[in-house]
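Enquirer: The structure file input.txt (compact mmCIF, C-alpha atoms) is provided below.
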# COMPACT_ATOMS: atom_id res chain seq x y z
CA LYS A 283 42.85 68.83 73.30
CA LYS A 284 45.67 71.40 73.57
CA SER A 285 49.02 70.63 72.04
CA GLU A 286 52.11 70.23 74.16
CA GLN A 287 53.45 73.64 73.06
CA GLU A 288 50.17 75.37 73.96
CA LEU A 289 50.26 73.79 77.42
CA LYS A 290 53.82 75.04 77.93
CA ASP A 291 52.89 78.55 76.85
CA GLU A 292 49.88 78.56 79.16
CA GLU A 293 52.03 77.31 82.04
CA MET A 294 54.60 80.07 81.44
CA GLU A 295 51.84 82.69 81.27
CA LEU A 296 50.38 81.56 84.60
CA PHE A 297 53.83 81.36 86.17
CA THR A 298 54.63 84.93 85.08
CA LYS A 299 51.26 86.18 86.36
CA TYR A 300 51.59 84.56 89.80
CA TYR A 301 55.29 85.52 90.08
CA ILE A 302 54.49 89.20 89.47
CA GLU A 303 51.63 89.06 92.00
CA TRP A 304 53.86 87.35 94.53
CA LYS A 305 56.56 90.02 94.06
CA GLY A 306 53.99 92.71 94.72
CA GLY A 307 53.26 93.52 91.07
CA ARG A 308 54.00 96.93 89.64
CA LYS A 309 51.02 99.11 88.95
CA SER A 310 51.13 101.18 85.84
CA GLY A 311 52.62 104.54 86.69
CA ASP A 312 54.53 103.17 89.73
CA MET A 313 58.08 104.22 88.76
CA SER A 314 59.72 104.04 92.21
CA TYR A 315 62.26 101.53 90.89
CA MET A 316 63.65 104.30 88.69
CA ASN A 317 64.86 106.10 91.83
CA ILE A 318 67.38 103.38 92.75
CA PRO A 319 70.81 104.98 92.28
CA ARG A 320 73.33 103.33 90.00
CA PHE A 321 76.02 101.63 92.08
CA TYR A 322 78.13 99.82 89.48
CA TYR A 323 80.12 101.37 86.67
CA ARG A 324 81.92 99.04 84.32
CA LEU A 325 85.53 99.90 83.54
CA PRO A 326 86.28 100.38 79.83
CA ALA A 327 87.89 97.37 78.14
CA GLU A 328 91.35 97.66 76.58
CA ASP A 329 89.95 97.92 73.07
CA GLU A 330 87.53 100.72 74.07
CA VAL A 331 90.08 103.47 73.44
CA LEU A 332 87.60 106.35 73.29
CA LEU A 333 85.97 105.38 76.60
CA GLN A 334 89.38 105.03 78.25
CA LYS A 335 90.45 108.47 77.05
CA LEU A 336 87.16 109.96 78.25
CA ARG A 337 87.66 108.37 81.68
CA GLU A 338 91.24 109.66 81.94
CA GLU A 339 90.21 113.18 80.97
CA SER A 340 87.28 113.25 83.40
CA ARG A 341 89.57 112.03 86.25
CA ALA A 342 92.14 114.70 85.40
CA VAL A 343 89.46 117.44 85.45
CA PHE A 344 88.11 116.09 88.75
CA LEU A 345 91.58 116.11 90.36
CA GLN A 346 92.25 119.63 89.06
CA ARG A 347 88.99 120.82 90.64
CA LYS A 348 89.91 119.19 93.93
CA SER A 349 93.34 120.81 93.76
CA ARG A 350 91.81 124.26 93.29
CA GLU A 351 89.70 123.71 96.42
CA LEU A 352 92.86 123.51 98.56
CA LEU A 353 94.39 126.48 100.34
CA ASP A 354 97.44 127.96 98.60
CA ASN A 355 100.40 129.60 100.39
CA GLU A 356 98.88 133.08 100.27
CA GLU A 357 95.59 131.85 101.77
CA LEU A 358 97.44 129.95 104.51
CA GLN A 359 99.41 133.10 105.37
CA ASN A 360 96.12 135.00 105.58
CA VAL A 361 94.70 132.39 108.01
CA TRP A 362 97.81 132.73 110.19
CA PHE A 363 97.54 136.54 110.14
CA LEU A 364 93.85 136.40 111.20
CA LEU A 365 94.55 133.88 113.97
CA ASP A 366 97.39 136.00 115.31
CA LYS A 367 95.17 139.12 115.20
CA HIS A 368 92.36 137.40 117.17
CA GLN A 369 94.44 135.71 119.86
CA ALA A 370 93.03 135.79 123.36
CA SER A 371 94.72 136.76 126.61
CA PRO A 372 96.29 135.78 128.91
CA MET A 373 98.86 133.73 126.95
CA ILE A 374 100.06 130.36 128.20
CA GLY A 375 103.77 131.06 128.62
CA GLU A 376 104.89 132.17 125.16
CA GLU A 377 102.18 130.22 123.32
CA ALA A 378 99.38 132.22 121.66
CA VAL A 379 95.82 130.93 122.18
CA ILE A 380 92.35 131.68 120.82
CA ASN A 381 88.88 131.27 122.31
CA TYR A 382 85.87 129.79 120.54
CA GLU A 383 84.18 133.13 119.86
CA ASN A 384 87.23 134.55 118.07
CA PHE A 385 87.80 131.19 116.39
CA LEU A 386 84.38 131.52 114.68
CA LYS A 387 85.14 135.13 113.70
CA VAL A 388 88.34 134.04 111.98
CA GLY A 389 86.38 131.30 110.18
CA GLU A 390 83.97 133.89 108.77
CA LYS A 391 86.76 136.21 107.59
CA ALA A 392 89.03 133.48 106.21
CA GLY A 393 86.73 132.64 103.30
CA PRO A 394 84.67 129.66 102.06
CA LYS A 395 87.69 127.39 101.49
CA CYS A 396 88.49 127.48 105.21
CA LYS A 397 84.95 126.73 106.41
CA GLN A 398 85.69 123.00 106.87
CA PHE A 399 88.41 123.77 109.46
CA PHE A 400 86.49 126.19 111.68
CA THR A 401 84.00 123.77 113.26
CA ALA A 402 83.08 123.02 116.86
CA LYS A 403 84.28 119.44 116.38
CA ILE A 404 87.82 120.47 115.42
CA PHE A 405 87.97 123.07 118.19
CA ALA A 406 86.93 120.39 120.72
CA LYS A 407 89.59 117.99 119.38
CA LEU A 408 92.34 120.53 120.03
CA LEU A 409 90.95 121.67 123.40
CA HIS A 410 93.01 120.37 126.31
CA ASN A 411 93.28 121.60 129.89
CA ASP A 412 93.11 125.33 129.34
CA PRO A 413 91.07 126.87 132.23
CA TYR A 414 89.53 129.46 129.88
CA GLY A 415 88.49 126.94 127.19
CA ARG A 416 90.99 128.07 124.54
CA ILE A 417 93.15 126.25 122.03
CA SER A 418 96.73 126.80 120.85
CA ILE A 419 96.94 128.82 117.63
CA VAL A 420 100.11 126.98 116.56
CA GLN A 421 98.49 123.54 117.08
CA PHE A 422 95.43 124.55 115.07
CA PHE A 423 97.51 126.02 112.24
CA ASN A 424 99.68 122.87 112.14
CA TYR A 425 96.48 120.83 111.93
CA VAL A 426 95.30 122.87 108.93
CA MET A 427 98.73 122.60 107.27
CA ARG A 428 98.76 118.81 107.79
CA LYS A 429 95.28 118.43 106.31
CA VAL A 430 96.18 120.52 103.27
CA TRP A 431 99.38 118.51 102.79
CA LEU A 432 97.49 115.21 103.01
CA HIS A 433 94.97 116.33 100.39
CA GLN A 434 97.74 117.62 98.12
CA THR A 435 99.61 114.32 98.42
CA ARG A 436 96.40 112.34 97.86
CA ILE A 437 95.78 114.25 94.63
CA GLY A 438 99.44 113.88 93.60
CA LEU A 439 99.36 110.10 94.10
CA SER A 440 96.00 109.81 92.34
CA LEU A 441 97.56 111.25 89.18
CA TYR A 442 99.65 108.05 88.98
CA ASP A 443 96.66 105.78 89.64
CA VAL A 444 96.26 104.60 86.05
CA ALA A 445 93.39 102.23 86.88
CA GLY A 446 91.56 104.95 88.82
CA GLN A 447 90.61 102.46 91.54
CA GLY A 448 92.33 104.05 94.53
CA TYR A 449 95.52 101.96 94.49
CA LEU A 450 98.99 102.09 92.95
CA ARG A 451 100.74 99.23 91.22
CA GLU A 452 104.50 98.79 91.50
CA SER A 453 105.13 100.55 88.18
CA ASP A 454 102.84 103.46 89.24
CA LEU A 455 104.77 104.02 92.48
CA GLU A 456 108.08 103.71 90.62
CA ASN A 457 107.01 106.52 88.28
CA TYR A 458 105.88 108.67 91.24
CA ILE A 459 109.20 108.31 93.09
CA LEU A 460 111.30 108.73 89.93
CA GLU A 461 109.61 112.07 89.19
CA LEU A 462 109.89 113.07 92.86
CA ILE A 463 113.71 112.68 92.99
CA PRO A 464 114.54 116.11 91.43
CA THR A 465 112.39 117.83 94.11
CA LEU A 466 114.38 116.29 97.01
CA PRO A 467 117.58 118.29 97.72
CA GLN A 468 119.03 115.46 99.83
CA LEU A 469 119.20 113.28 96.68
CA ASP A 470 121.01 115.89 94.56
CA GLY A 471 124.27 113.94 94.81
CA LEU A 472 122.85 110.73 93.31
CA GLU A 473 124.10 109.87 89.84
CA LYS A 474 121.38 109.31 87.26
CA SER A 475 122.76 105.82 86.58
CA PHE A 476 121.80 104.93 90.18
CA TYR A 477 118.22 106.23 89.90
CA SER A 478 116.72 102.87 88.90
CA PHE A 479 118.37 101.12 91.88
CA TYR A 480 117.27 103.93 94.22
CA VAL A 481 113.66 103.73 93.00
CA CYS A 482 113.67 99.93 93.42
CA THR A 483 115.06 100.31 96.97
CA ALA A 484 112.42 102.89 97.91
CA VAL A 485 109.46 101.07 96.33
CA ARG A 486 110.33 97.75 98.03
CA LYS A 487 109.81 99.26 101.49
CA PHE A 488 106.29 100.37 100.57
CA PHE A 489 105.35 97.00 99.10
CA PHE A 490 107.07 94.86 101.74
CA PHE A 491 105.12 96.46 104.59
CA LEU A 492 101.88 97.57 102.90
CA ASP A 493 101.27 94.59 100.60
CA PRO A 494 101.72 91.54 102.87
CA LEU A 495 99.55 89.33 100.62
CA ARG A 496 101.75 90.23 97.62
CA THR A 497 98.85 91.40 95.44
CA GLY A 498 101.11 93.79 93.53
CA LYS A 499 99.16 96.90 94.50
CA ILE A 500 98.78 99.23 97.50
CA LYS A 501 95.85 101.42 98.50
CA ILE A 502 96.65 105.13 98.30
CA GLN A 503 94.87 105.44 101.64
CA ASP A 504 97.41 103.05 103.22
CA ILE A 505 100.33 105.01 101.75
CA LEU A 506 98.99 108.20 103.34
CA ALA A 507 98.30 106.51 106.69
CA CYS A 508 101.83 105.13 107.16
CA SER A 509 104.94 107.17 107.97
CA PHE A 510 106.97 106.12 104.90
CA LEU A 511 105.87 109.06 102.78
CA ASP A 512 106.82 111.45 105.61
CA ASP A 513 110.29 109.84 105.71
CA LEU A 514 110.62 110.18 101.93
CA LEU A 515 109.49 113.81 101.86
CA GLU A 516 111.76 114.58 104.82
CA LEU A 517 114.54 114.60 102.20
CA ARG A 518 113.25 118.03 101.11
CA ASP A 519 115.03 119.43 104.16
CA GLU A 520 118.41 120.71 102.94
CA GLU A 521 119.82 120.71 106.48
CA LEU A 522 118.78 117.18 107.49
CA CYS A 523 121.22 115.96 110.15
CA LYS A 524 123.54 113.01 109.55
CA GLU A 525 121.82 110.85 112.19
CA SER A 526 118.42 111.29 110.51
CA GLN A 527 119.93 110.38 107.15
CA GLU A 528 121.42 107.16 108.52
CA THR A 529 118.13 106.02 110.07
CA ASN A 530 116.00 107.01 107.05
CA TRP A 531 115.67 104.11 104.59
CA PHE A 532 115.02 106.55 101.73
CA SER A 533 118.12 108.73 102.22
CA ALA A 534 121.01 108.58 99.75
CA PRO A 535 123.52 107.18 102.33
CA SER A 536 121.05 104.44 103.33
CA ALA A 537 120.25 103.43 99.72
CA LEU A 538 123.96 103.41 98.82
CA ARG A 539 124.73 101.34 101.92
CA VAL A 540 122.19 98.64 101.01
CA TYR A 541 123.26 98.55 97.36
CA GLY A 542 126.95 98.59 98.35
CA GLN A 543 126.41 95.57 100.61
CA TYR A 544 124.74 93.75 97.72
CA LEU A 545 127.70 94.46 95.41
CA ASN A 546 130.20 93.36 98.09
CA LEU A 547 128.36 90.05 98.56
CA ASP A 548 128.27 89.44 94.79
CA LYS A 549 131.80 87.98 94.51
CA ASP A 550 131.40 86.62 90.96
CA HIS A 551 129.92 89.97 89.76
CA ASN A 552 127.03 88.36 87.88
CA GLY A 553 124.46 90.72 89.44
CA MET A 554 122.89 87.90 91.50
CA LEU A 555 123.57 86.27 94.87
CA SER A 556 124.06 82.56 95.43
CA LYS A 557 123.40 80.93 98.79
CA GLU A 558 127.12 80.90 99.54
CA GLU A 559 127.42 84.61 98.75
CA LEU A 560 124.38 85.48 100.89
CA SER A 561 125.82 83.48 103.83
CA ARG A 562 128.30 86.34 104.41
CA TYR A 563 125.44 88.81 105.04
CA GLY A 564 125.80 90.85 108.25
CA THR A 565 128.06 89.09 110.72
CA GLY A 566 128.07 85.95 108.58
CA THR A 567 126.41 83.90 111.33
CA LEU A 568 123.07 83.00 109.73
CA THR A 569 122.62 79.22 109.77
CA ASN A 570 122.80 77.14 106.59
CA ILE A 571 119.38 75.62 107.29
CA PHE A 572 117.78 79.07 107.42
CA LEU A 573 119.53 80.12 104.20
CA ASP A 574 118.30 76.92 102.55
CA ARG A 575 114.75 77.90 103.46
CA VAL A 576 115.28 81.42 102.05
CA PHE A 577 116.23 79.98 98.67
CA GLN A 578 113.39 77.43 98.79
CA GLU A 579 110.62 79.94 99.54
CA CYS A 580 111.77 83.21 97.92
CA LEU A 581 111.77 84.04 94.23
CA THR A 582 115.11 83.06 92.63
CA TYR A 583 116.50 82.76 89.11
CA ASP A 584 118.43 79.53 88.46
CA GLY A 585 118.98 79.25 92.21
CA GLU A 586 120.26 82.83 92.65
CA MET A 587 118.69 85.89 94.26
CA ASP A 588 118.20 89.23 92.48
CA TYR A 589 118.34 92.69 94.08
CA LYS A 590 114.57 92.98 94.60
CA THR A 591 114.40 89.69 96.52
CA TYR A 592 117.49 90.71 98.47
CA LEU A 593 115.75 93.94 99.54
CA ASP A 594 112.84 91.95 101.02
CA PHE A 595 115.39 89.80 102.87
CA VAL A 596 117.15 92.90 104.28
CA LEU A 597 113.90 94.63 105.26
CA ALA A 598 112.78 91.49 107.13
CA LEU A 599 116.03 91.03 109.06
CA GLU A 600 116.48 94.74 109.87
CA ASN A 601 112.90 95.16 111.15
CA ARG A 602 112.28 91.94 113.09
CA LYS A 603 109.90 93.63 115.52
CA GLU A 604 107.46 94.53 112.72
CA PRO A 605 104.53 92.17 111.91
CA ALA A 606 105.37 92.12 108.15
CA ALA A 607 108.97 91.11 108.90
CA LEU A 608 107.84 88.44 111.36
CA GLN A 609 105.41 87.12 108.74
CA TYR A 610 108.29 86.81 106.26
CA ILE A 611 110.54 84.94 108.73
CA PHE A 612 107.67 82.83 110.13
CA LYS A 613 106.93 81.48 106.65
CA LEU A 614 110.55 80.30 106.44
CA LEU A 615 110.44 78.71 109.91
CA ASP A 616 107.14 76.93 109.19
CA ILE A 617 108.83 74.07 107.30
CA GLU A 618 105.70 71.88 107.28
CA ASN A 619 103.49 74.76 106.12
CA LYS A 620 101.00 74.12 108.95
CA GLY A 621 100.54 77.71 110.06
CA TYR A 622 102.29 77.15 113.40
CA LEU A 623 105.67 76.24 114.89
CA ASN A 624 105.87 73.10 117.03
CA VAL A 625 108.72 71.42 118.95
CA PHE A 626 109.87 69.63 115.77
CA SER A 627 110.32 72.84 113.74
CA LEU A 628 112.04 74.65 116.64
CA ASN A 629 114.44 71.71 117.08
CA TYR A 630 115.06 71.56 113.30
CA PHE A 631 116.41 75.12 113.26
CA PHE A 632 118.15 75.08 116.65
CA ARG A 633 120.24 72.03 115.72
CA ALA A 634 122.03 74.26 113.19
CA ILE A 635 122.83 76.74 116.00
CA GLN A 636 124.21 73.86 118.12
CA GLU A 637 126.41 72.69 115.21
CA GLN A 638 127.80 76.21 114.73
CA MET A 639 128.58 76.40 118.45
CA LYS A 640 130.62 73.18 118.18
CA ILE A 641 132.52 74.58 115.16
CA HIS A 642 133.42 77.68 117.20
CA GLY A 643 134.55 75.55 120.14
CA GLN A 644 131.60 76.41 122.37
CA GLU A 645 129.66 74.00 124.54
CA PRO A 646 126.23 73.44 122.85
CA VAL A 647 123.21 74.53 124.86
CA SER A 648 120.44 71.99 125.54
CA PHE A 649 117.48 72.30 123.15
CA GLN A 650 115.03 71.49 125.96
CA ASP A 651 116.13 74.57 127.90
CA VAL A 652 115.86 76.83 124.84
CA LYS A 653 112.47 75.37 123.87
CA ASP A 654 111.08 76.05 127.36
CA GLU A 655 112.42 79.63 127.28
CA ILE A 656 110.83 80.27 123.86
CA PHE A 657 107.41 79.00 124.97
CA ASP A 658 107.72 81.04 128.20
CA MET A 659 108.51 84.18 126.21
CA VAL A 660 105.73 83.73 123.64
CA LYS A 661 103.01 82.28 125.92
CA PRO A 662 101.00 80.87 122.96
CA LYS A 663 97.27 80.14 123.24
CA ASP A 664 97.96 76.49 122.46
CA PRO A 665 100.80 75.29 124.77
CA TYR A 666 102.19 73.05 122.00
CA LYS A 667 101.98 75.40 119.00
CA ILE A 668 103.24 78.91 118.28
CA SER A 669 101.24 80.81 115.64
CA LEU A 670 102.33 83.97 113.85
CA GLN A 671 99.78 85.96 115.87
CA ASP A 672 101.22 84.52 119.11
CA LEU A 673 104.65 85.69 118.02
CA ILE A 674 103.39 89.20 117.20
CA ASN A 675 101.32 89.51 120.40
CA SER A 676 104.25 88.46 122.61
CA SER A 677 106.46 91.39 121.46
CA GLN A 678 109.31 88.88 121.64
CA GLY A 679 109.24 87.86 117.97
CA ASP A 680 112.58 89.49 117.16
CA THR A 681 114.33 87.66 120.04
CA VAL A 682 112.76 84.27 119.22
CA THR A 683 113.63 84.45 115.52
CA SER A 684 117.20 85.59 116.30
CA ILE A 685 117.68 82.60 118.62
CA LEU A 686 116.63 80.19 115.84
CA ILE A 687 118.37 81.58 112.74
CA ASP A 688 121.48 83.49 113.80
CA LEU A 689 124.36 82.31 116.02
CA ASN A 690 125.27 85.90 116.84
CA GLY A 691 121.63 86.59 117.77
CA PHE A 692 121.55 83.51 120.03
CA TRP A 693 124.88 84.44 121.65
CA THR A 694 123.60 87.98 122.34
CA TYR A 695 120.45 86.54 123.98
CA GLU A 696 122.40 83.94 125.99
CA ASN A 697 124.84 86.57 127.33
CA ARG A 698 122.30 89.38 127.75
CA GLU A 699 122.96 89.79 131.50
CA VAL A 700 126.72 90.09 131.00
CA LEU A 701 126.21 92.59 128.16
CA VAL A 702 123.82 94.72 130.24
CA ALA A 703 126.32 94.74 133.13
CA SER A 704 129.19 95.78 130.84
CA ASP A 705 127.02 98.55 129.34
CA ASN A 706 126.26 99.83 132.83
CA ASP A 707 129.97 99.76 133.74
CA SER A 708 130.81 101.71 130.57
CA ALA A 709 128.13 104.29 131.40
CA ALA A 710 129.52 104.62 134.94
CA ASP A 711 133.05 105.16 133.57
CA VAL A 712 131.77 107.90 131.30
CA ASP A 713 129.99 109.57 134.21
CA ASP A 714 133.19 109.44 136.31
CA THR A 715 135.20 111.12 133.59
Taking this structure as input, can you express it in the form of C-alpha cells?

Expert:
Amino acid sequence: KKSEQELKDEEMELFTKYYIEWKGGRKSGDMSYMNIPRFYYRLPAEDEVLLQKLREESRAVFLQRKSRELLDNEELQNVWFLLDKHQASPMIGEEAVINYENFLKVGEKAGPKCKQFFTAKIFAKLLHNDPYGRISIVQFFNYVMRKVWLHQTRIGLSLYDVAGQGYLRESDLENYILELIPTLPQLDGLEKSFYSFYVCTAVRKFFFFLDPLRTGKIKIQDILACSFLDDLLELRDEELCKESQETNWFSAPSALRVYGQYLNLDKDHNGMLSKEELSRYGTGTLTNIFLDRVFQECLTYDGEMDYKTYLDFVLALENRKEPAALQYIFKLLDIENKGYLNVFSLNYFFRAIQEQMKIHGQEPVSFQDVKDEIFDMVKPKDPYKISLQDLINSSQGDTVTSILIDLNGFWTYENREVLVASDNDSAADVDDT
C-alpha cells in the first residue's frame, strides 16, 4: 500500500498533468508567450534611491527630446514665410488663403518637424465654405502656434510631475506657479512677501474646479483642457486692459482684492475667520443657518476658517452657475446627507430667510409659494426630490441657491421684474441723452 504522502504526490502530479492539458499545454519550442508585451512597471520604493534617480534622469532626457521636436521661433517664422509665398488667389477680402496643392508643397519645404501639421485631415478641419476649396493661412498658422504652445506647456508642467504619473499634486502646482511669477509682467508690482498668498489663491482655483473629489491631485491633461492656464498666461501681456484684469482671478488686482477682503473680515487679526466674522462677507445677508453648515462641513481649526478654506468658499459663491460650485453649496444644503433636497431641507433653509425679512420689517413670503417656484424652475426627475444633477441640468442652480442662503439674493429674485423695468428705463434715459 502507498503511504499518505505518496498518494498526495501522485494526486498533485496528475492534477498538474491534466491542468496543463486542459490549458492547451505548451509544446517544447512554443515560445509565443514571450511575445506578450510588458504592461506594468513598478514604481521605485522610497528606499530605492538609485532606481528613483535613474527614473528621474530618464524622464528628464525624454522631456528634453520631446522639447527638441517642437518648432522654435525661427522655424515658425519660416513656416509663415512659406505659407505667405504660396498663397492662392483670389483673396477673400483681405484674408490670405491657400489651396491643398500649395499646402502640400509648403509641407515638403517646411521640414520633417512640420510634417504632422500638413495632413489632409487638418486641412479638412479648417476648410469652411470657400468655393475654391481653400483654407485661411492665418487660421492654419494659429492652429500650428496653439499646438506648439500646448506641447510646450505639457512638457513644462511635466517637469514638476515628481511622481511621473501624469498629474500634479498641490505642492507641485505651487512650485510651478511660484517659478512662473517672474515671467509674468502683470505681476511685477507684487511684493515678494505676498507671493505665498498669491500662489495659494491661484492654486485653489485649479483644485476647486478640477479636483471635485478632493483627491489632492489634478491630471496635467485636465489643466491643459481648461481655460485657467490661458487666463494665468494672459498676464504676460504688458498692455492688458483694466477690465480684463478685474475679471481675471489670477491678476494682481483680483488676488489683492480677495486677500484684502479676508483681512477686513478678520477683526481680531488672528489670521483666521470665526462664523461671526464671516457673516459680514459680501452684503452681509447670508443666513446664520447656512453659515452654521459652512462651519460644520468645511475644514476649520478650533472652529475658525483659514485662508485656503475661505478661498473655496469665495470661489463657490462667486461662480454659482458652475457645477463644482453647485456641488459645494449642495453638500451644505443636503443637511440629511441623502444626496437630494426635499421639502424639509428647503423649508429648513428658507425659514432663516423669513426670519431675516421680519427683522428688516418686511412681510415674510409663504414657503409654499417659494417651494412650488423652486420645483417649477428645476423640474427634477423625481417630483419630490431635487438632486445635484437636476440642479445642474436646470441651469437655475445659481438662482435656487441664492433664494435659500442669501436674503439679498432672494430679494433680487423676488423683485426681478421691477429691477428689469428700472434697468430698461435707465437705458432709455441714456439713449435720450

Enquirer: Name the residues, using the chain letters and numbers of the file, that sit within 6 Å of (94.3, 127.2, 119.4) when counting all atoms listed in the file, and give them as a VMD selection string.

Expert: chain A and resid 379 to 380 417 to 419 422

Enquirer: Would you mind telling me which residue in A:Val331, A:Leu517, A:Cys580, A:Ile674 lies nearest to Arg602 of chain A when using all atoms listed in the file?

Expert: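 Among A:Val331, A:Leu517, A:Cys580, A:Ile674, it is A:Ile674 that comes nearest to Arg602 of chain A.
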
Enquirer: I'd like the contact shell of Asp550 of chain A - 9 Å cut-off, all atoms listed in the file, skipping same-chain residues fewer than 4 positions apart - returned as a ChimeraX atom specification.

Expert: /A:554-555,559

Enquirer: Residues of segment 476-564 of chain A that approach segment 603-616 of chain A to 12 Å or less, counting all atoms listed in the file: could you list each one with the shortest pair of atoms and its distance in Å to one decimal, rows by chain and increasing residue number, as a Markdown table?

Expert:
| residue | atom | partner | partner_atom | distance |
| --- | --- | --- | --- | --- |
| A:Lys487 | CA | A:Ala606 | CA | 10.7 |
| A:Phe488 | CA | A:Ala606 | CA | 11.2 |
| A:Phe489 | CA | A:Ala606 | CA | 10.3 |
| A:Phe490 | CA | A:Ala606 | CA | 7.2 |
| A:Phe491 | CA | A:Ala606 | CA | 5.6 |
| A:Leu492 | CA | A:Ala606 | CA | 8.3 |
| A:Asp493 | CA | A:Ala606 | CA | 8.9 |
| A:Pro494 | CA | A:Ala606 | CA | 6.4 |
| A:Leu495 | CA | A:Ala606 | CA | 9.9 |
| A:Arg496 | CA | A:Ala606 | CA | 11.3 |

Enquirer: Just how far from atom CA of Ile500 of chain A is atom CA of Gln398 of chain A, in Å to one decimal?

Expert: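 Distance between the two atoms: 28.7 Å.
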